[in-house]
file run_30.tsv (TSV, C-alpha atoms)
chain	number	residue	atom	x	y	z
A	1	MET	CA	0.00	0.00	0.00
A	2	THR	CA	1.42	3.38	-1.01
A	3	SER	CA	1.79	5.89	1.82
A	4	ARG	CA	0.16	9.28	1.51
A	5	LEU	CA	2.54	12.19	0.99
A	6	LEU	CA	2.51	15.37	3.06
A	7	SER	CA	4.65	18.30	1.92
A	8	PHE	CA	6.24	21.07	3.96
A	9	ILE	CA	7.23	24.47	2.56
A	10	ILE	CA	9.77	26.26	4.73
A	11	PRO	CA	10.99	29.67	3.51
A	12	SER	CA	14.44	30.32	4.99
A	13	PHE	CA	16.38	33.57	5.08
A	14	ASN	CA	19.52	33.57	7.26
A	15	GLU	CA	18.22	30.70	9.42
A	16	ALA	CA	21.44	28.66	9.61
A	17	GLY	CA	21.01	28.10	13.35
A	18	ASN	CA	17.55	26.60	12.93
A	19	ILE	CA	17.72	24.37	9.84
A	20	GLU	CA	18.81	21.17	11.60
A	21	HIS	CA	16.46	21.81	14.52
A	22	ILE	CA	13.36	22.24	12.38
A	23	TYR	CA	14.23	19.11	10.40
A	24	GLN	CA	14.73	17.02	13.55
A	25	ALA	CA	11.49	18.32	15.08
A	26	LEU	CA	9.52	17.44	11.93
A	27	ASP	CA	11.14	14.04	11.54
A	28	LYS	CA	10.26	13.15	15.12
A	29	GLU	CA	6.58	13.97	14.54
A	30	PHE	CA	6.39	11.34	11.77
A	31	GLU	CA	7.66	8.43	13.82
A	32	ASP	CA	4.09	7.23	14.48
A	33	LEU	CA	2.29	8.67	11.44
A	34	THR	CA	1.27	6.71	8.36
A	35	TYR	CA	2.19	9.57	6.02
A	36	ASP	CA	5.39	10.01	4.07
A	37	TYR	CA	6.69	13.53	4.01
A	38	GLU	CA	8.86	15.86	1.98
A	39	ILE	CA	10.43	19.07	3.25
A	40	LEU	CA	11.06	21.77	0.68
A	41	PHE	CA	13.35	24.49	1.99
A	42	ILE	CA	13.31	27.75	0.05
A	43	ASN	CA	16.65	29.50	0.54
A	44	ASP	CA	15.63	33.12	0.01
A	45	GLY	CA	19.05	34.55	-0.84
A	46	SER	CA	20.59	33.92	2.59
A	47	THR	CA	23.95	35.53	3.30
A	48	ASP	CA	24.95	33.09	6.07
A	49	ASP	CA	25.49	29.33	5.68
A	50	THR	CA	21.78	28.46	5.54
A	51	LEU	CA	22.18	26.94	2.08
A	52	SER	CA	25.13	24.75	3.09
A	53	ARG	CA	23.16	23.47	6.11
A	54	ILE	CA	20.26	22.59	3.82
A	55	LYS	CA	22.57	20.81	1.36
A	56	LYS	CA	23.98	18.68	4.19
A	57	LEU	CA	20.46	17.54	5.06
A	58	VAL	CA	19.76	16.72	1.41
A	59	LEU	CA	22.79	14.39	1.42
A	60	THR	CA	21.59	12.53	4.51
A	61	SER	CA	17.81	12.48	3.98
A	62	ASN	CA	15.68	11.60	0.96
A	63	ASN	CA	12.86	13.63	2.47
A	64	VAL	CA	14.63	16.98	2.08
A	65	LYS	CA	14.68	19.10	-1.08
A	66	TYR	CA	15.49	22.73	-1.68
A	67	ILE	CA	15.16	25.69	-3.99
A	68	SER	CA	17.77	28.44	-3.77
A	69	PHE	CA	17.19	32.01	-4.94
A	70	THR	CA	20.00	34.16	-6.32
A	71	ARG	CA	18.94	37.00	-4.02
A	72	ASN	CA	16.36	37.81	-1.39
A	73	PHE	CA	13.00	37.97	-3.18
A	74	GLY	CA	10.84	37.87	-0.06
A	75	LYS	CA	8.58	35.36	1.62
A	76	GLU	CA	5.68	35.75	-0.79
A	77	VAL	CA	7.80	34.71	-3.78
A	78	ALA	CA	9.28	31.87	-1.73
A	79	LEU	CA	5.82	30.52	-0.93
A	80	LEU	CA	4.76	30.69	-4.57
A	81	ALA	CA	7.85	28.75	-5.64
A	82	GLY	CA	7.10	26.17	-2.98
A	83	PHE	CA	3.50	25.70	-4.07
A	84	GLN	CA	4.66	25.24	-7.65
A	85	HIS	CA	7.06	22.40	-6.75
A	86	VAL	CA	5.62	20.36	-3.86
A	87	LYS	CA	3.92	17.08	-4.70
A	88	GLY	CA	1.99	16.15	-1.55
A	89	GLU	CA	-1.76	15.68	-1.37
A	90	ALA	CA	-1.65	18.29	1.40
A	91	VAL	CA	0.86	21.02	2.14
A	92	ILE	CA	1.91	22.63	5.42
A	93	VAL	CA	3.52	26.08	5.39
A	94	MET	CA	5.91	26.75	8.27
A	95	ASP	CA	8.61	29.21	9.26
A	96	ALA	CA	12.13	27.95	9.84
A	97	ASP	CA	12.51	29.77	13.18
A	98	LEU	CA	10.59	27.12	15.22
A	99	GLN	CA	7.95	29.66	16.22
A	100	HIS	CA	5.39	27.44	14.50
A	101	PRO	CA	5.05	24.43	16.83
A	102	CYS	CA	5.61	21.06	15.18
A	103	SER	CA	3.24	19.61	17.78
A	104	LEU	CA	0.35	21.04	15.73
A	105	ILE	CA	1.12	18.80	12.75
A	106	LYS	CA	-1.01	15.94	14.07
A	107	PRO	CA	-4.02	18.20	14.82
A	108	PHE	CA	-3.56	19.69	11.35
A	109	ILE	CA	-3.66	16.24	9.77
A	110	GLN	CA	-6.69	15.32	11.86
A	111	GLY	CA	-8.50	18.41	10.60
A	112	TYR	CA	-7.54	17.54	7.04
A	113	GLU	CA	-8.87	14.00	7.44
A	114	GLU	CA	-12.11	15.48	8.78
A	115	GLY	CA	-12.54	17.09	5.37
A	116	TYR	CA	-11.24	20.62	5.87
A	117	HIS	CA	-9.28	22.16	3.00
A	118	GLN	CA	-7.50	24.64	5.27
A	119	VAL	CA	-6.43	23.87	8.83
A	120	ILE	CA	-5.04	27.09	10.26
A	121	GLY	CA	-2.85	27.82	13.26
A	122	ARG	CA	-3.83	30.97	15.15
A	123	ARG	CA	-1.39	32.25	17.74
A	124	ASN	CA	-2.18	34.44	20.70
A	125	ARG	CA	-0.19	37.55	21.59
A	126	LYS	CA	1.50	36.06	24.63
A	127	GLY	CA	5.03	37.43	24.91
A	128	ASP	CA	4.54	40.26	22.42
A	129	GLY	CA	5.18	43.81	23.56
A	130	TRP	CA	2.09	45.85	24.37
A	131	MET	CA	2.83	48.31	21.60
A	132	ARG	CA	3.07	45.61	18.94
A	133	SER	CA	-0.05	43.90	20.24
A	134	CYS	CA	-2.04	47.14	20.18
A	135	LEU	CA	-0.84	48.09	16.71
A	136	SER	CA	-1.61	44.60	15.37
A	137	SER	CA	-5.11	44.61	16.85
A	138	LEU	CA	-5.74	48.10	15.47
A	139	TYR	CA	-4.49	47.08	12.03
A	140	TYR	CA	-6.81	44.07	11.80
A	141	CYS	CA	-9.72	46.10	13.12
A	142	LEU	CA	-9.23	48.76	10.46
A	143	ILE	CA	-8.30	46.55	7.52
A	144	ASN	CA	-11.37	44.33	7.89
A	145	LYS	CA	-13.54	47.41	7.45
A	146	PHE	CA	-12.04	48.13	4.05
A	147	VAL	CA	-10.91	44.92	2.36
A	148	ASP	CA	-13.09	42.32	0.68
A	149	VAL	CA	-11.63	39.34	2.56
A	150	ASP	CA	-11.77	38.37	6.23
A	151	LEU	CA	-8.39	38.62	7.99
A	152	LYS	CA	-8.13	37.32	11.56
A	153	ASP	CA	-5.69	38.61	14.15
A	154	GLY	CA	-3.06	35.97	14.96
A	155	VAL	CA	-3.64	34.04	11.74
A	156	GLY	CA	-0.61	33.92	9.44
A	157	ASP	CA	0.90	31.55	6.91
A	158	PHE	CA	1.13	28.60	9.33
A	159	ARG	CA	-1.49	26.22	8.00
A	160	LEU	CA	-2.26	23.00	6.17
A	161	LEU	CA	-3.69	23.32	2.68
A	162	SER	CA	-5.31	20.55	0.69
A	163	ARG	CA	-4.21	19.94	-2.88
A	164	LYS	CA	-7.43	21.60	-4.04
A	165	ALA	CA	-6.55	24.73	-2.04
A	166	VAL	CA	-2.99	24.77	-3.43
A	167	ASP	CA	-4.25	24.41	-6.98
A	168	GLY	CA	-6.66	27.27	-6.33
A	169	LEU	CA	-3.81	29.50	-5.15
A	170	LEU	CA	-1.77	28.68	-8.23
A	171	THR	CA	-4.55	29.91	-10.51
A	172	LEU	CA	-4.23	33.41	-9.00
A	173	ASN	CA	-1.59	35.24	-11.03
A	174	GLU	CA	-1.16	38.21	-8.71
A	175	GLY	CA	1.88	40.34	-9.41
A	176	SER	CA	2.18	41.52	-5.81
A	177	ARG	CA	1.03	38.63	-3.64
A	178	PHE	CA	-0.43	38.97	-0.16
A	179	SER	CA	-0.80	35.39	1.02
A	180	LYS	CA	-3.03	36.09	4.01
A	181	GLY	CA	-5.56	37.62	1.67
A	182	LEU	CA	-5.15	34.94	-0.99
A	183	PHE	CA	-5.73	32.16	1.56
A	184	SER	CA	-9.01	33.81	2.52
A	185	TRP	CA	-9.92	34.69	-1.07
A	186	ILE	CA	-9.98	31.09	-2.32
A	187	GLY	CA	-12.54	30.19	0.33
A	188	LEU	CA	-13.01	26.44	0.97
A	189	SER	CA	-13.72	24.92	4.36
A	190	GLN	CA	-11.51	26.05	7.24
A	191	LYS	CA	-10.70	24.92	10.75
A	192	ILE	CA	-8.75	27.09	13.19
A	193	ILE	CA	-6.49	25.68	15.90
A	194	ASP	CA	-5.24	28.08	18.57
A	195	TYR	CA	-1.76	27.88	20.05
A	196	ASP	CA	0.46	29.87	22.40
A	197	ASN	CA	2.96	32.29	20.94
A	198	VAL	CA	6.47	30.77	20.86
A	199	GLU	CA	9.59	32.89	21.25
A	200	ARG	CA	12.35	32.57	18.65
A	201	LYS	CA	15.32	30.56	19.96
A	202	ASN	CA	18.05	31.27	17.40
A	203	GLY	CA	18.71	34.28	15.20
A	204	SER	CA	16.66	37.43	14.97
A	205	SER	CA	13.41	38.33	13.29
A	206	LYS	CA	13.71	39.46	9.66
A	207	TRP	CA	10.54	41.52	9.96
A	208	LYS	CA	11.69	45.05	10.65
A	209	PHE	CA	9.21	47.90	11.10
A	210	SER	CA	9.60	49.12	7.52
A	211	LYS	CA	8.91	45.63	6.13
A	212	LEU	CA	5.90	45.20	8.40
A	213	LEU	CA	4.59	48.59	7.31
A	214	ASN	CA	4.96	47.77	3.61
A	215	TYR	CA	3.38	44.36	4.18
A	216	GLY	CA	0.45	46.02	5.92
A	217	ILE	CA	0.03	48.46	3.02
A	218	ASP	CA	0.07	45.54	0.56
A	219	GLY	CA	-2.71	43.94	2.54
A	220	ALA	CA	-4.74	47.15	2.55
A	221	ILE	CA	-4.61	47.66	-1.23
A	222	SER	CA	-4.43	44.11	-2.60
A	223	PHE	CA	-8.05	43.24	-1.86
A	224	ASN	CA	-9.55	46.69	-1.80
A	225	ASN	CA	-10.97	48.71	-4.69
A	226	ARG	CA	-11.85	51.72	-2.54
A	227	PRO	CA	-8.62	53.70	-3.27
A	228	LEU	CA	-9.33	53.35	-7.01
A	229	ARG	CA	-12.94	54.39	-6.52
A	230	ILE	CA	-11.88	57.40	-4.43
A	231	CYS	CA	-9.55	58.48	-7.24
A	232	PHE	CA	-12.39	58.06	-9.77
A	233	TYR	CA	-14.95	60.00	-7.73
A	234	THR	CA	-12.47	62.75	-6.88
A	235	GLY	CA	-11.44	63.11	-10.52
A	236	SER	CA	-15.07	63.19	-11.64
A	237	PHE	CA	-15.90	65.86	-9.05
A	238	ILE	CA	-12.97	68.06	-10.13
A	239	LEU	CA	-13.93	67.61	-13.80
A	240	LEU	CA	-17.51	68.66	-13.02
A	241	LEU	CA	-16.30	71.78	-11.17
A	242	SER	CA	-14.04	72.63	-14.10
A	243	ILE	CA	-16.88	72.38	-16.60
A	244	VAL	CA	-19.10	74.56	-14.41
A	245	TYR	CA	-16.29	77.11	-14.09
A	246	ILE	CA	-15.81	77.26	-17.87
A	247	ILE	CA	-19.54	77.74	-18.46
A	248	VAL	CA	-19.76	80.47	-15.82
A	249	HIS	CA	-16.70	82.22	-17.28
A	250	LEU	CA	-18.17	82.01	-20.79
A	251	LEU	CA	-21.43	83.60	-19.60
A	252	MET	CA	-19.46	86.37	-17.90
A	253	ILE	CA	-17.58	87.08	-21.15
A	254	MET	CA	-20.83	87.15	-23.12
A	255	ASN	CA	-22.33	89.66	-20.66
A	256	ASN	CA	-19.32	91.81	-19.73
A	257	GLY	CA	-16.82	91.26	-22.51
A	258	ILE	CA	-13.22	90.00	-22.31
A	259	VAL	CA	-11.27	91.25	-19.30
A	260	GLU	CA	-8.02	89.26	-19.67
A	261	HIS	CA	-7.09	88.43	-23.27
A	262	GLY	CA	-6.15	84.75	-23.79
A	263	TYR	CA	-7.29	83.52	-20.36
A	264	PHE	CA	-10.52	81.89	-21.51
A	265	THR	CA	-8.74	80.33	-24.50
A	266	THR	CA	-6.17	78.81	-22.15
A	267	ILE	CA	-8.64	77.27	-19.73

call {"tool": "encode", "arguments": {"input": "run_30.tsv", "output": "structure tokens"}}
result
Amino acid sequence: MTSRLLSFIIPSFNEAGNIEHIYQALDKEFEDLTYDYEILFINDGSTDDTLSRIKKLVLTSNNVKYISFTRNFGKEVALLAGFQHVKGEAVIVMDADLQHPCSLIKPFIQGYEEGYHQVIGRRNRKGDGWMRSCLSSLYYCLINKFVDVDLKDGVGDFRLLSRKAVDGLLTLNEGSRFSKGLFSWIGLSQKIIDYDNVERKNGSSKWKFSKLLNYGIDGAISFNNRPLRICFYTGSFILLLSIVYIIVHLLMIMNNGIVEHGYFTTI
């Protein structure tokens, strides 16, 4: 009997200190599971020895594969490359920093076997600074009033996706991808599993304030046609005022004659 295949996509940027640890943690989870697994590391232009650590694992394990970018393209591009290359009937997206608990893999699989196409990990804000927690809560409160998809606080990329969900994502040819929105956009049945926030053990976060700000802006405009509509309505209003002004000025010329030569011709 052929075992069922579960794929992992792990974007990795300067995560040399975590590569072996995430592999060992995943491998341990499959000791009593009936699934085969493949781990696809996406080396996103790392400048440390992340790639060499991944290559060592490839030499010792048939379950490990990798894609290596020539430079840092960002997590969204890494995820897209992963979805294009994994072969499993279901796919789990995880970070390499061990902040996504491997202990949720079994509950994810259980949710998948119950028939859900997306089994989603939702973290709480335990351990986050009060400023970051407040800003995050405010962001989700505001963005859900303007965008056409439902974004939940604490829900990120950590999730299991069925093959149907993956195929649905691959049909979306967005130029600037915002995965949180795309995951919600494709719909399909979802199950949410809550977990406690886990502190990073090795390395430092790659999400600086400027990157978080740009990512938040991407989310605000990717699934929102209101900015375009505002531009349209504003332009239409200004055009209407201009036409009224020209008509009024023409009537004034007809009644009072030309005051400034060439002005009416110019406008």

call {"tool": "atom_distance", "arguments": {"input": "run_30.tsv", "atom1": "atom CA of Phe41 of chain A", "atom2": "atom CA of Asn63 of chain A"}}
result
10.9 Å

call {"tool": "atom_distance", "arguments": {"input": "run_30.tsv", "atom1": "atom CA of Leu33 of chain A", "atom2": "atom CA of Lys106 of chain A"}}
result
8.4 Å

call {"tool": "closest_residue", "arguments": {"input": "run_30.tsv", "among": "A:Gly115, A:Gly121, A:Gly168, A:Gly235", "to": "Cys102 of chain A", "atoms": "only C-alpha atoms"}}
result
A:Gly121

call {"tool": "atom_distance", "arguments": {"input": "run_30.tsv", "atom1": "atom CA of Ser189 of chain A", "atom2": "atom CA of Gly156 of chain A"}}
result
16.7 Å

call {"tool": "closest_residue", "arguments": {"input": "run_30.tsv", "among": "A:Asn18, A:Asn72, A:Gln190, A:Ser61", "to": "Gly111 of chain A", "atoms": "all atoms listed in the file"}}
result
A:Gln190

call {"tool": "residues_around", "arguments": {"input": "run_30.tsv", "residues": "Val58 of chain A", "least_positions_apart": "6", "cutoff": "12 Å", "atoms": "all atoms listed in the file", "output": "JSON, numbers by chain"}}
result
{"A": [19, 20, 23, 38, 39, 40, 41, 51, 52, 64, 65, 66, 67]}

call {"tool": "residues_around", "arguments": {"input": "run_30.tsv", "residues": "Leu170 of chain A", "least_positions_apart": "6", "cutoff": "8 Å", "atoms": "only C-alpha atoms", "output": "PDB file with C-alpha atoms, in the frame of the given file"}}
result
ATOM      1  CA  LEU A  80       4.760  30.690  -4.570  1.00  0.00           C
ATOM      2  CA  PHE A  83       3.500  25.700  -4.070  1.00  0.00           C
ATOM      3  CA  GLN A  84       4.660  25.240  -7.650  1.00  0.00           C
TER       4      GLN A  84
END

call {"tool": "residues_around", "arguments": {"input": "run_30.tsv", "residues": "Ile192 of chain A", "least_positions_apart": "3", "cutoff": "7 Å", "atoms": "all atoms listed in the file", "output": "list of chain:residue names"}}
result
A:Val119, A:Ile120, A:Gly121, A:Arg122

call {"tool": "closest_residue", "arguments": {"input": "run_30.tsv", "among": "A:Tyr35, A:Phe13, A:Tyr245, A:Phe178", "to": "Ala90 of chain A", "atoms": "only C-alpha atoms"}}
result
A:Tyr35

call {"tool": "closest_residue", "arguments": {"input": "run_30.tsv", "among": "A:Leu26, A:Val77, A:Ile243, A:Ile9", "to": "Asn173 of chain A", "atoms": "only C-alpha atoms"}}
result
A:Val77

call {"tool": "closest_residue", "arguments": {"input": "run_30.tsv", "among": "A:Leu161, A:Ala96, A:Ile22, A:Leu250", "to": "Ile10 of chain A", "atoms": "all atoms listed in the file"}}
result
A:Ala96

call {"tool": "build_atoms", "arguments": {"input": "run_30.tsv", "residues": "segment 230-241 of chain A", "atoms": "all heavy atoms", "output": "PDB file, keeping the file's coordinate frame"}}
result
ATOM      1  N   ILE A 230     -12.060  56.043  -4.942  1.00  0.00           N
ATOM      2  CA  ILE A 230     -11.880  57.400  -4.430  1.00  0.00           C
ATOM      3  C   ILE A 230     -11.234  58.281  -5.486  1.00  0.00           C
ATOM      4  O   ILE A 230     -11.639  59.429  -5.701  1.00  0.00           O
ATOM      5  CB  ILE A 230     -11.028  57.373  -3.139  1.00  0.00           C
ATOM      6  CG1 ILE A 230     -11.832  56.745  -1.990  1.00  0.00           C
ATOM      7  CG2 ILE A 230     -10.585  58.781  -2.754  1.00  0.00           C
ATOM      8  CD1 ILE A 230     -11.018  56.518  -0.733  1.00  0.00           C
ATOM      9  N   CYS A 231     -10.211  57.733  -6.166  1.00  0.00           N
ATOM     10  CA  CYS A 231      -9.550  58.480  -7.240  1.00  0.00           C
ATOM     11  C   CYS A 231     -10.558  58.815  -8.353  1.00  0.00           C
ATOM     12  O   CYS A 231     -10.568  59.935  -8.882  1.00  0.00           O
ATOM     13  CB  CYS A 231      -8.387  57.684  -7.816  1.00  0.00           C
ATOM     14  SG  CYS A 231      -6.986  57.516  -6.702  1.00  0.00           S
ATOM     15  N   PHE A 232     -11.398  57.851  -8.703  1.00  0.00           N
ATOM     16  CA  PHE A 232     -12.390  58.060  -9.770  1.00  0.00           C
ATOM     17  C   PHE A 232     -13.397  59.133  -9.378  1.00  0.00           C
ATOM     18  O   PHE A 232     -13.692  60.057 -10.157  1.00  0.00           O
ATOM     19  CB  PHE A 232     -13.099  56.752 -10.078  1.00  0.00           C
ATOM     20  CG  PHE A 232     -14.200  56.883 -11.094  1.00  0.00           C
ATOM     21  CD1 PHE A 232     -13.907  56.961 -12.447  1.00  0.00           C
ATOM     22  CD2 PHE A 232     -15.526  56.944 -10.690  1.00  0.00           C
ATOM     23  CE1 PHE A 232     -14.922  57.093 -13.391  1.00  0.00           C
ATOM     24  CE2 PHE A 232     -16.545  57.080 -11.615  1.00  0.00           C
ATOM     25  CZ  PHE A 232     -16.233  57.154 -12.975  1.00  0.00           C
ATOM     26  N   TYR A 233     -13.950  59.032  -8.166  1.00  0.00           N
ATOM     27  CA  TYR A 233     -14.950  60.000  -7.730  1.00  0.00           C
ATOM     28  C   TYR A 233     -14.344  61.391  -7.576  1.00  0.00           C
ATOM     29  O   TYR A 233     -14.977  62.400  -7.929  1.00  0.00           O
ATOM     30  CB  TYR A 233     -15.572  59.557  -6.402  1.00  0.00           C
ATOM     31  CG  TYR A 233     -16.396  58.286  -6.515  1.00  0.00           C
ATOM     32  CD1 TYR A 233     -16.361  57.316  -5.513  1.00  0.00           C
ATOM     33  CD2 TYR A 233     -17.211  58.061  -7.618  1.00  0.00           C
ATOM     34  CE1 TYR A 233     -17.111  56.152  -5.615  1.00  0.00           C
ATOM     35  CE2 TYR A 233     -17.968  56.900  -7.728  1.00  0.00           C
ATOM     36  CZ  TYR A 233     -17.909  55.953  -6.728  1.00  0.00           C
ATOM     37  OH  TYR A 233     -18.647  54.800  -6.822  1.00  0.00           O
ATOM     38  N   THR A 234     -13.121  61.457  -7.038  1.00  0.00           N
ATOM     39  CA  THR A 234     -12.470  62.750  -6.880  1.00  0.00           C
ATOM     40  C   THR A 234     -12.203  63.402  -8.237  1.00  0.00           C
ATOM     41  O   THR A 234     -12.447  64.597  -8.435  1.00  0.00           O
ATOM     42  CB  THR A 234     -11.137  62.595  -6.115  1.00  0.00           C
ATOM     43  OG1 THR A 234     -11.379  61.990  -4.849  1.00  0.00           O
ATOM     44  CG2 THR A 234     -10.464  63.954  -5.896  1.00  0.00           C
ATOM     45  N   GLY A 235     -11.695  62.599  -9.181  1.00  0.00           N
ATOM     46  CA  GLY A 235     -11.440  63.110 -10.520  1.00  0.00           C
ATOM     47  C   GLY A 235     -12.714  63.579 -11.206  1.00  0.00           C
ATOM     48  O   GLY A 235     -12.735  64.625 -11.868  1.00  0.00           O
ATOM     49  N   SER A 236     -13.785  62.822 -11.033  1.00  0.00           N
ATOM     50  CA  SER A 236     -15.070  63.190 -11.640  1.00  0.00           C
ATOM     51  C   SER A 236     -15.598  64.495 -11.041  1.00  0.00           C
ATOM     52  O   SER A 236     -16.135  65.358 -11.754  1.00  0.00           O
ATOM     53  CB  SER A 236     -16.095  62.069 -11.435  1.00  0.00           C
ATOM     54  OG  SER A 236     -15.651  60.873 -12.049  1.00  0.00           O
ATOM     55  N   PHE A 237     -15.432  64.649  -9.722  1.00  0.00           N
ATOM     56  CA  PHE A 237     -15.900  65.860  -9.050  1.00  0.00           C
ATOM     57  C   PHE A 237     -15.130  67.093  -9.537  1.00  0.00           C
ATOM     58  O   PHE A 237     -15.721  68.147  -9.818  1.00  0.00           O
ATOM     59  CB  PHE A 237     -15.755  65.698  -7.539  1.00  0.00           C
ATOM     60  CG  PHE A 237     -16.188  66.895  -6.746  1.00  0.00           C
ATOM     61  CD1 PHE A 237     -17.525  67.272  -6.694  1.00  0.00           C
ATOM     62  CD2 PHE A 237     -15.248  67.651  -6.057  1.00  0.00           C
ATOM     63  CE1 PHE A 237     -17.922  68.384  -5.959  1.00  0.00           C
ATOM     64  CE2 PHE A 237     -15.640  68.762  -5.326  1.00  0.00           C
ATOM     65  CZ  PHE A 237     -16.979  69.129  -5.279  1.00  0.00           C
ATOM     66  N   ILE A 238     -13.795  66.946  -9.655  1.00  0.00           N
ATOM     67  CA  ILE A 238     -12.970  68.060 -10.130  1.00  0.00           C
ATOM     68  C   ILE A 238     -13.311  68.399 -11.582  1.00  0.00           C
ATOM     69  O   ILE A 238     -13.376  69.581 -11.971  1.00  0.00           O
ATOM     70  CB  ILE A 238     -11.474  67.726  -9.980  1.00  0.00           C
ATOM     71  CG1 ILE A 238     -11.104  67.631  -8.497  1.00  0.00           C
ATOM     72  CG2 ILE A 238     -10.597  68.778 -10.668  1.00  0.00           C
ATOM     73  CD1 ILE A 238      -9.699  67.143  -8.240  1.00  0.00           C
ATOM     74  N   LEU A 239     -13.538  67.369 -12.397  1.00  0.00           N
ATOM     75  CA  LEU A 239     -13.930  67.610 -13.800  1.00  0.00           C
ATOM     76  C   LEU A 239     -15.250  68.366 -13.877  1.00  0.00           C
ATOM     77  O   LEU A 239     -15.403  69.306 -14.674  1.00  0.00           O
ATOM     78  CB  LEU A 239     -14.041  66.268 -14.533  1.00  0.00           C
ATOM     79  CG  LEU A 239     -14.535  66.339 -15.982  1.00  0.00           C
ATOM     80  CD1 LEU A 239     -13.568  67.158 -16.841  1.00  0.00           C
ATOM     81  CD2 LEU A 239     -14.714  64.933 -16.557  1.00  0.00           C
ATOM     82  N   LEU A 240     -16.208  67.985 -13.034  1.00  0.00           N
ATOM     83  CA  LEU A 240     -17.510  68.660 -13.020  1.00  0.00           C
ATOM     84  C   LEU A 240     -17.353  70.125 -12.628  1.00  0.00           C
ATOM     85  O   LEU A 240     -17.948  71.011 -13.253  1.00  0.00           O
ATOM     86  CB  LEU A 240     -18.451  67.938 -12.057  1.00  0.00           C
ATOM     87  CG  LEU A 240     -19.854  68.539 -11.908  1.00  0.00           C
ATOM     88  CD1 LEU A 240     -20.585  68.510 -13.249  1.00  0.00           C
ATOM     89  CD2 LEU A 240     -20.649  67.772 -10.852  1.00  0.00           C
ATOM     90  N   LEU A 241     -16.550  70.407 -11.597  1.00  0.00           N
ATOM     91  CA  LEU A 241     -16.300  71.780 -11.170  1.00  0.00           C
ATOM     92  C   LEU A 241     -15.661  72.592 -12.292  1.00  0.00           C
ATOM     93  O   LEU A 241     -15.995  73.766 -12.502  1.00  0.00           O
ATOM     94  CB  LEU A 241     -15.407  71.800  -9.927  1.00  0.00           C
ATOM     95  CG  LEU A 241     -16.034  71.362  -8.598  1.00  0.00           C
ATOM     96  CD1 LEU A 241     -14.998  71.445  -7.483  1.00  0.00           C
ATOM     97  CD2 LEU A 241     -17.256  72.208  -8.261  1.00  0.00           C
TER      98      LEU A 241
END
